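Since the structure comes first, as structure tokens, the remarks are kept for the end.
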Amino acid sequence: MNLNLFDDMEGLILRERENSLAMNTPQNSEVYRHGMSEFPENAPLAMAYVPFQQWGETYNPDNALECGTLFPNLVFSFRGGGDK
Amino acid sequence: MNEKNILMKKIQQYDFTLKELNLYLDTHPYCRNALAMFAKYRKLRESAVTEYTRKFGIITPEQNTNLESWDWIDDPFPWERS
């Protein structure tokens, strides 16, 4: 198993946070060029990750209250007991 | 829905949006997008509250500005208005 991925885990987390704090315009920001997250594509199994939220789409206040969040990225269709 | 309810619903929607932005800004304190949006909805909430209060009475006790009577106890209470 390739543990090199973890060598710079701290840097990775820092970059995630910096990206989210960056006041860059969308076209030249790291986030836009690399997608939502800087985490490695083949992240090792059994490790917990919490991708730092990045600014993105927002609902209008009407839909936000309806959906329970302002951010479409945070809407998950959790269904107790699966897809019954 | 009557005007009162529509206005109250609007205030609730603005409140929720502001709370969401509040939580986002706690971890992203320099995000200009969020800061601008917070300012925008703070103003909208403020004018919605002002309009509601003017037309239908105060929503919270600290909005009482009357120096002659305590309007807060005037019926109906905000949660009874519909």
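Simple scheme: letters A, B, ... for chains in structure tokens order, numbers from 1 for residues in each chain, numbers from 1 for ligands in the order shown.
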What's around B:Gln13 at 9 Å? Count only C-alpha atoms, leave out sequence neighbours fewer than 6 positions away in its own chain, and write the answer as a PDB file with N, CA and C atoms, in the first residue's frame.
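Done, and the output landed in part35.pdb:
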```
ATOM      1  N   ASN A  60     -32.060  29.990  -3.357  1.00  0.00           N
ATOM      2  CA  ASN A  60     -32.686  31.212  -2.879  1.00  0.00           C
ATOM      3  C   ASN A  60     -33.292  30.898  -1.501  1.00  0.00           C
ATOM      4  N   PRO A  61     -33.595  31.927  -0.687  1.00  0.00           N
ATOM      5  CA  PRO A  61     -34.039  31.690   0.691  1.00  0.00           C
ATOM      6  C   PRO A  61     -35.247  30.753   0.788  1.00  0.00           C
ATOM      7  N   ASP A  62     -36.129  30.833  -0.199  1.00  0.00           N
ATOM      8  CA  ASP A  62     -37.315  29.989  -0.228  1.00  0.00           C
ATOM      9  C   ASP A  62     -36.936  28.506  -0.280  1.00  0.00           C
ATOM     10  N   ASN A  63     -36.127  28.165  -1.269  1.00  0.00           N
ATOM     11  CA  ASN A  63     -35.708  26.773  -1.417  1.00  0.00           C
ATOM     12  C   ASN A  63     -34.778  26.316  -0.298  1.00  0.00           C
ATOM     13  N   ALA A  64     -33.971  27.261   0.218  1.00  0.00           N
ATOM     14  CA  ALA A  64     -33.039  26.909   1.295  1.00  0.00           C
ATOM     15  C   ALA A  64     -33.792  26.386   2.507  1.00  0.00           C
ATOM     16  N   LEU A  65     -34.821  27.121   2.911  1.00  0.00           N
ATOM     17  CA  LEU A  65     -35.596  26.703   4.079  1.00  0.00           C
ATOM     18  C   LEU A  65     -36.271  25.359   3.814  1.00  0.00           C
ATOM     19  N   GLU A  66     -36.737  25.198   2.587  1.00  0.00           N
ATOM     20  CA  GLU A  66     -37.400  23.953   2.185  1.00  0.00           C
ATOM     21  C   GLU A  66     -36.433  22.765   2.267  1.00  0.00           C
TER      22      GLU A  66
ATOM     23  N   ARG B  45     -33.821  41.156   5.317  1.00  0.00           N
ATOM     24  CA  ARG B  45     -34.499  40.740   6.535  1.00  0.00           C
ATOM     25  C   ARG B  45     -34.960  41.953   7.329  1.00  0.00           C
TER      26      ARG B  45
END
```
### Query
Where does DSSP see alpha helix (DSSP H) in chain B, if you list the residues as a ChimeraX atom specification?
/B:3-27,32-56
### Message
If the cut-off is 6 Å, can you tell me the residues of chain B near chain A, counting only C-alpha atoms? I'd like them as a ChimeraX atom specification.
### Response
/B:13-14,17,28,31
### Message
Please report the interatomic distance between atom CA of A:Gly11 and atom CA of B:Arg32 in Å with one decimal.
### Response
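Going from atom CA of A:Gly11 over to atom CA of B:Arg32, I get 24.0 Å.
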### Task
Could you give me, as number ranges by chain, the residues within 9 Å of B:Phe38, counting only C-alpha atoms and dropping anything in the same chain fewer than 3 positions from it?
B: 17-18, 21-22, 33-35, 41-43
For those residues, write N, CA and C atoms to a file as a PDB file, in the first residue's frame.
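The new file result_10.pdb reads:
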```pdb
ATOM      1  N   THR B  17     -31.447  31.636   5.874  1.00  0.00           N
ATOM      2  CA  THR B  17     -30.327  31.916   4.969  1.00  0.00           C
ATOM      3  C   THR B  17     -29.179  32.589   5.720  1.00  0.00           C
ATOM      4  N   LEU B  18     -29.520  33.529   6.596  1.00  0.00           N
ATOM      5  CA  LEU B  18     -28.486  34.224   7.368  1.00  0.00           C
ATOM      6  C   LEU B  18     -27.785  33.264   8.324  1.00  0.00           C
ATOM      7  N   LEU B  21     -25.357  31.171   6.304  1.00  0.00           N
ATOM      8  CA  LEU B  21     -24.175  31.965   5.950  1.00  0.00           C
ATOM      9  C   LEU B  21     -23.311  32.194   7.178  1.00  0.00           C
ATOM     10  N   ASN B  22     -23.939  32.378   8.328  1.00  0.00           N
ATOM     11  CA  ASN B  22     -23.236  32.528   9.603  1.00  0.00           C
ATOM     12  C   ASN B  22     -22.343  31.301   9.851  1.00  0.00           C
ATOM     13  N   ASN B  33     -17.773  36.185  -1.299  1.00  0.00           N
ATOM     14  CA  ASN B  33     -19.099  35.809  -1.799  1.00  0.00           C
ATOM     15  C   ASN B  33     -20.086  35.694  -0.642  1.00  0.00           C
ATOM     16  N   ALA B  34     -19.653  34.983   0.390  1.00  0.00           N
ATOM     17  CA  ALA B  34     -20.548  34.766   1.531  1.00  0.00           C
ATOM     18  C   ALA B  34     -20.795  36.080   2.272  1.00  0.00           C
ATOM     19  N   LEU B  35     -19.751  36.894   2.403  1.00  0.00           N
ATOM     20  CA  LEU B  35     -19.901  38.176   3.099  1.00  0.00           C
ATOM     21  C   LEU B  35     -20.887  39.082   2.367  1.00  0.00           C
ATOM     22  N   TYR B  41     -28.786  39.773   2.476  1.00  0.00           N
ATOM     23  CA  TYR B  41     -29.962  39.224   3.147  1.00  0.00           C
ATOM     24  C   TYR B  41     -30.214  39.859   4.505  1.00  0.00           C
ATOM     25  N   ARG B  42     -29.160  40.409   5.105  1.00  0.00           N
ATOM     26  CA  ARG B  42     -29.367  41.138   6.358  1.00  0.00           C
ATOM     27  C   ARG B  42     -30.264  42.349   6.106  1.00  0.00           C
ATOM     28  N   LYS B  43     -29.989  43.042   4.993  1.00  0.00           N
ATOM     29  CA  LYS B  43     -30.814  44.203   4.634  1.00  0.00           C
ATOM     30  C   LYS B  43     -32.238  43.786   4.316  1.00  0.00           C
TER      31      LYS B  43
END
```
